[in-house]
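Engineer: Next up, upload_35.txt (compact mmCIF, C-alpha atoms).
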```txt
# COMPACT_ATOMS: atom_id res chain seq x y z
CA MET A 1 -13.58 -2.53 27.58
CA LYS A 2 -14.39 -3.55 24.02
CA THR A 3 -14.91 0.08 23.04
CA ILE A 4 -11.53 1.04 24.41
CA ALA A 5 -9.88 -1.82 22.53
CA ILE A 6 -11.56 -0.70 19.29
CA GLU A 7 -10.45 2.89 19.83
CA VAL A 8 -6.88 1.84 20.54
CA LEU A 9 -6.78 -0.40 17.46
CA LEU A 10 -8.22 2.28 15.19
CA GLY A 11 -5.93 4.95 16.62
CA ALA A 12 -2.89 2.75 16.09
CA GLY A 13 -3.96 1.91 12.54
CA VAL A 14 -4.51 5.54 11.58
CA LEU A 15 -1.29 6.62 13.30
CA VAL A 16 0.75 4.03 11.42
CA THR A 17 -0.74 5.25 8.14
CA LEU A 18 -0.06 8.92 8.90
CA LEU A 19 3.50 8.23 9.99
CA SER A 20 4.12 6.16 6.89
CA VAL A 21 2.88 8.97 4.66
CA LEU A 22 5.09 11.44 6.51
CA GLY A 23 8.05 9.08 6.18
CA MET A 24 7.35 8.71 2.49
CA MET A 25 7.39 12.49 2.09
CA ARG A 26 10.78 12.64 3.82
CA MET A 27 12.46 10.20 1.45
CA ARG A 28 13.98 11.49 -1.79
CA ASP A 29 14.62 8.20 -3.59
CA PRO A 30 11.61 6.27 -5.00
CA TYR A 31 13.24 3.01 -3.89
CA GLN A 32 13.24 4.32 -0.32
CA ARG A 33 9.71 5.64 -0.66
CA MET A 34 8.39 2.23 -1.67
CA HIS A 35 9.30 0.80 1.73
CA TYR A 36 6.71 3.04 3.36
CA ILE A 37 3.81 1.40 1.52
CA ALA A 38 4.25 -1.76 3.60
CA PRO A 39 3.14 -0.54 7.08
CA PRO A 40 -0.32 0.72 6.00
CA ALA A 41 -0.86 -2.28 3.73
CA SER A 42 -0.03 -4.80 6.44
CA LEU A 43 -0.11 -3.38 9.96
CA SER A 44 -2.83 -0.74 9.57
CA ALA A 45 -5.06 -3.07 7.58
CA ALA A 46 -4.66 -5.82 10.18
CA LEU A 47 -5.41 -3.45 13.07
CA ILE A 48 -8.50 -2.03 11.37
CA THR A 49 -9.72 -5.53 10.50
CA LEU A 50 -9.28 -6.60 14.11
CA ALA A 51 -11.30 -3.56 15.19
CA ILE A 52 -14.02 -4.49 12.71
CA PHE A 53 -14.12 -8.03 14.11
CA LEU A 54 -14.46 -6.60 17.62
CA GLN A 55 -17.18 -4.18 16.53
CA ARG A 56 -19.26 -6.45 14.31
CA GLY A 57 -18.35 -9.98 15.41
CA PHE A 58 -18.13 -12.88 12.96
CA LYS A 59 -20.35 -11.30 10.32
CA PRO A 60 -19.85 -11.35 6.52
CA GLU A 61 -18.55 -7.78 6.48
CA SER A 62 -15.81 -8.76 8.93
CA PHE A 63 -14.66 -11.57 6.66
CA LYS A 64 -14.82 -9.22 3.67
CA ALA A 65 -12.50 -6.86 5.54
CA LEU A 66 -10.21 -9.81 6.26
CA PHE A 67 -10.18 -10.71 2.59
CA ALA A 68 -9.36 -7.11 1.63
CA THR A 69 -6.50 -7.18 4.15
CA VAL A 70 -5.14 -10.43 2.71
CA VAL A 71 -5.32 -8.91 -0.79
CA LEU A 72 -3.52 -5.78 0.42
CA ILE A 73 -0.72 -7.76 2.07
CA GLY A 74 -0.23 -9.94 -0.99
CA MET A 75 -0.57 -7.02 -3.38
CA ASN A 76 1.96 -4.88 -1.59
CA SER A 77 4.84 -7.30 -1.94
CA VAL A 78 4.11 -8.14 -5.58
CA VAL A 79 3.48 -4.58 -6.75
CA THR A 80 6.46 -3.15 -4.87
CA HIS A 81 8.74 -5.73 -6.42
CA ALA A 82 7.27 -5.12 -9.89
CA ALA A 83 7.69 -1.36 -9.53
CA ALA A 84 11.29 -1.61 -8.29
CA ARG A 85 12.10 -3.94 -11.16
CA ALA A 86 10.45 -1.56 -13.65
CA PHE A 87 12.42 1.40 -12.27
CA ARG A 88 15.66 -0.53 -12.59
CA ILE A 89 14.88 -1.64 -16.15
CA ALA A 90 14.07 1.97 -17.02
CA GLU A 91 17.40 3.13 -15.59
CA LEU A 92 19.79 0.36 -16.64
CA GLU A 93 17.95 -1.52 -19.41
CA ASP A 94 18.28 -4.67 -17.31
CA TRP A 95 17.21 -5.57 -13.78
CA HIS A 96 20.06 -8.02 -13.07
CA PRO A 97 22.67 -6.86 -10.54
CA GLU A 98 25.89 -5.54 -11.96
CA ASN A 99 29.10 -7.15 -10.84
CA GLU A 100 30.18 -4.38 -8.51
CA GLU A 101 26.78 -4.48 -6.78
CA VAL A 102 27.02 -8.16 -5.87
CA PRO A 103 28.61 -8.84 -2.47
CA ILE A 104 29.73 -12.32 -3.59
CA LYS A 105 32.09 -13.47 -6.32
CA PRO A 106 30.83 -12.83 -9.87
CA SER A 107 31.63 -16.42 -10.78
CA ASP A 108 29.26 -17.71 -8.14
CA LYS A 109 26.33 -19.66 -9.56
CA MET A 110 23.90 -17.78 -7.31
CA ILE A 111 24.15 -14.78 -9.61
CA PRO A 112 21.50 -15.06 -12.35
CA GLU A 113 22.84 -15.15 -15.87
CA LYS A 114 22.15 -12.11 -18.01
CA THR A 115 19.88 -12.93 -20.91
CA SER A 116 20.48 -10.33 -23.58
CA MET B 1 -19.49 11.45 15.35
CA ASN B 2 -18.26 8.01 16.34
CA ILE B 3 -14.69 6.76 16.43
CA TRP B 4 -14.98 5.23 12.96
CA GLU B 5 -15.93 8.56 11.35
CA LEU B 6 -13.19 10.33 13.27
CA SER B 7 -10.63 7.76 12.13
CA ALA B 8 -11.80 8.10 8.54
CA GLN B 9 -11.54 11.88 8.69
CA VAL B 10 -8.02 11.75 10.12
CA MET B 11 -7.07 9.16 7.52
CA MET B 12 -8.22 11.55 4.78
CA PHE B 13 -5.46 13.98 5.81
CA ALA B 14 -2.97 11.35 4.68
CA LEU B 15 -4.31 11.70 1.15
CA ALA B 16 -3.41 15.39 0.77
CA PRO B 17 0.41 15.03 0.59
CA LEU B 18 0.05 11.88 -1.49
CA LEU B 19 -2.12 13.64 -4.05
CA TRP B 20 0.39 16.50 -4.11
CA THR B 21 3.30 14.18 -4.87
CA ALA B 22 1.18 12.21 -7.34
CA MET B 23 0.82 15.38 -9.42
CA ARG B 24 4.41 16.61 -9.44
CA GLY B 25 7.93 15.25 -9.62
CA ASP B 26 9.19 12.56 -11.92
CA ALA B 27 7.18 9.53 -12.99
CA ARG B 28 8.72 7.17 -10.44
CA HIS B 29 7.66 9.34 -7.49
CA ARG B 30 4.19 9.71 -8.94
CA LEU B 31 3.84 5.96 -9.40
CA VAL B 32 4.88 5.22 -5.81
CA SER B 33 2.39 7.83 -4.56
CA PHE B 34 -0.28 6.19 -6.68
CA TYR B 35 0.37 2.84 -4.97
CA MET B 36 0.16 4.46 -1.55
CA VAL B 37 -3.08 6.25 -2.45
CA GLY B 38 -4.62 2.91 -3.45
CA THR B 39 -3.73 1.40 -0.09
CA VAL B 40 -4.98 4.38 1.93
CA ILE B 41 -8.27 4.55 0.02
CA THR B 42 -8.85 0.83 0.62
CA LEU B 43 -8.42 1.38 4.35
CA LEU B 44 -10.67 4.43 4.12
CA MET B 45 -13.41 2.37 2.47
CA MET B 46 -13.22 -0.16 5.29
CA LEU B 47 -13.54 2.59 7.91
CA LEU B 48 -16.40 4.38 6.14
CA THR B 49 -18.33 1.12 5.74
CA ILE B 50 -18.53 0.68 9.49
CA ALA B 51 -18.91 4.42 10.15
CA PHE B 52 -22.01 4.73 7.94
CA ASP B 53 -23.29 1.26 8.82
CA ARG B 54 -23.65 0.33 5.15
CA MET B 55 -22.22 -3.16 5.08
CA PRO B 56 -22.43 -3.80 1.32
CA MET B 57 -19.93 -0.95 0.91
CA MET B 58 -17.25 -3.35 2.14
CA ASP B 59 -17.32 -4.78 -1.40
CA LEU B 60 -15.90 -1.45 -2.58
CA ALA B 61 -12.88 -1.96 -0.34
CA ILE B 62 -12.32 -5.41 -1.85
CA ALA B 63 -12.78 -4.02 -5.37
CA MET B 64 -10.37 -1.17 -4.64
CA ALA B 65 -7.73 -3.55 -3.27
CA LEU B 66 -8.02 -5.86 -6.27
CA MET B 67 -8.05 -3.05 -8.84
CA SER B 68 -5.10 -1.22 -7.32
CA PHE B 69 -3.24 -4.54 -7.53
CA GLY B 70 -4.05 -4.94 -11.21
CA GLY B 71 -3.41 -1.28 -11.92
CA GLY B 72 -0.08 -1.41 -10.12
CA ILE B 73 1.12 -4.36 -12.15
CA VAL B 74 0.00 -2.78 -15.43
CA PHE B 75 1.60 0.58 -14.62
CA ALA B 76 4.86 -1.12 -13.61
CA HIS B 77 4.87 -3.10 -16.85
CA PHE B 78 4.26 -0.06 -19.03
CA PHE B 79 6.70 2.04 -17.03
CA ALA B 80 9.49 -0.38 -17.86
CA ARG B 81 8.53 -0.57 -21.53
CA LEU B 82 7.11 2.78 -22.53
CA LEU B 83 6.91 5.50 -19.90
CA ARG B 84 10.58 5.89 -18.91
```
Using structure tokens, write down the structure that the file contains.

Structural biologist:
Amino acid sequence: MKTIAIEVLLGAGVLVTLLSVLGMMRMRDPYQRMHYIAPPASLSAALITLAIFLQRGFKPESFKALFATVVLIGMNSVVTHAAARAFRIAELEDWHPENEEVPIKPSDKMIPEKTS
Amino acid sequence: MNIWELSAQVMMFALAPLLWTAMRGDARHRLVSFYMVGTVITLLMMLLTIAFDRMPMMDLAIAMALMSFGGGIVFAHFFARLLR
């Protein structure tokens, strides 16, 4: 039973990664492509870590895998945001939203002030 | 071959299209592929550690995760300032 659970978890983790890579290849815009980094970094890593816990039990290597998964989940959000911001700065010289991009009134205080 | 080795070998196929896009196209596509490669290699390290039963190799997965984080931040910073 444990072996079947490990196989299912590993298969799901690898499948999520492969499908994410295929989805990334399908997208043409780098902003769209960045979304496909999230499933391997969160779901696949969590599934593989769970399989490692089932295989090895509460051993140091299992907790190391858990730490690597936590780093991956945290890293993904920060790095994706930093990359999207860098792409926008490279395109528009400024990452702040332009007025026509904001779905609320430009006079609203929620819009960050441009610091030029 | 156990299930861990098989999973690692299948996972390696994910690297081929990523390496292809990391070598061609504009810089933004290459940078996104670089991030994805870092994530996939970290997962690969975790699988290979259990597959080969070499538990200290799990430190490589942690090192890879941490270094791809630092590298990603640095590349994003320099992309905005210099590489565009």

Engineer: Near segment 32-45 of chain A, within 8 Å and counting only C-alpha atoms, which residues show up once chain neighbours fewer than 6 positions away are dropped, as a list in words?

Structural biologist: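 Contacts, with the query itself left out: Ala12, Gly13, Val14, Val16, Thr17, Ser20, Val21, Gly23, Met24, Met25, Thr69, Leu72, Ile73, Asn76, Ser77 and Thr80 of chain A; Val32, Tyr35, Met36, Thr39, Val40 and Leu43 of chain B.
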
Engineer: Quick one: residues within 9 Å of Glu61 of chain A, all atoms listed in the file, excluding same-chain residues fewer than 2 positions away - as a CSV table (one decimal) with C-alpha atoms, in the coordinates of the input?

Structural biologist:
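Once everything was written out, this is around.csv:
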```
chain,number,residue,atom,x,y,z
A,52,ILE,CA,-14.0,-4.5,12.7
A,53,PHE,CA,-14.1,-8.0,14.1
A,56,ARG,CA,-19.3,-6.4,14.3
A,58,PHE,CA,-18.1,-12.9,13.0
A,59,LYS,CA,-20.4,-11.3,10.3
A,63,PHE,CA,-14.7,-11.6,6.7
A,64,LYS,CA,-14.8,-9.2,3.7
A,65,ALA,CA,-12.5,-6.9,5.5
A,66,LEU,CA,-10.2,-9.8,6.3
B,49,THR,CA,-18.3,1.1,5.7
B,50,ILE,CA,-18.5,0.7,9.5
B,55,MET,CA,-22.2,-3.2,5.1
B,56,PRO,CA,-22.4,-3.8,1.3
B,57,MET,CA,-19.9,-1.0,0.9
B,58,MET,CA,-17.2,-3.4,2.1
B,59,ASP,CA,-17.3,-4.8,-1.4
```

Engineer: Could you work out how far atom CA of Leu19 of chain B lies from atom CA of Val37 of chain B, giving the answer in Å with one decimal?

Structural biologist: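 Result for atom CA of Val37 of chain B versus atom CA of Leu19 of chain B: 7.6 Å, one decimal.
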
Engineer: Please find the residues of chain B near chain A - the criterion being any atom within 9 Å, counting all atoms listed in the file - and write them as a ChimeraX atom specification.

Structural biologist: /B:3-4,7-8,10-11,13-15,17-18,21,28-29,31-33,35-36,39-40,42-43,46-47,49-50,55-59,61-66,68-70,72-73,75-84

Engineer: Calculate how many Å separate atom CA of Leu9 of chain A from atom CA of Leu60 of chain B, rounding to one decimal.

Structural biologist: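 Calculated distance between atom CA of Leu9 of chain A and atom CA of Leu60 of chain B is 22.0 Å.
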
Engineer: To one decimal place in Å, what is the distance between atom CA of Arg54 of chain B and atom CA of Gln9 of chain B?

Structural biologist: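 Atom CA of Arg54 of chain B sits 17.1 Å away from atom CA of Gln9 of chain B.
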
Engineer: Can you work out which one of B:Ala51, B:Met23, B:Val74, B:Met67 has the shortest atom-to-atom distance to Gly38 of chain B, counting all atoms listed in the file?

Structural biologist: B:Met67

Engineer: Pick the closest to Gly71 of chain B from B:Phe34, B:Glu5, B:Ala16, B:Gly25: which is it, counting all atoms listed in the file?

Structural biologist: B:Phe34

Engineer: Might I get the box with edges along x, y and z of the file that holds all atoms of segment 77-93 of chain A listed there, padded by 4 Å on every side, given as centre and edge lengths in Å to one decimal, as AutoDock Vina command-line options?

Structural biologist:
```
--center_x 11.6 --center_y -2.5 --center_z -10.7 --size_x 24.3 --size_y 19.3 --size_z 25.5
```
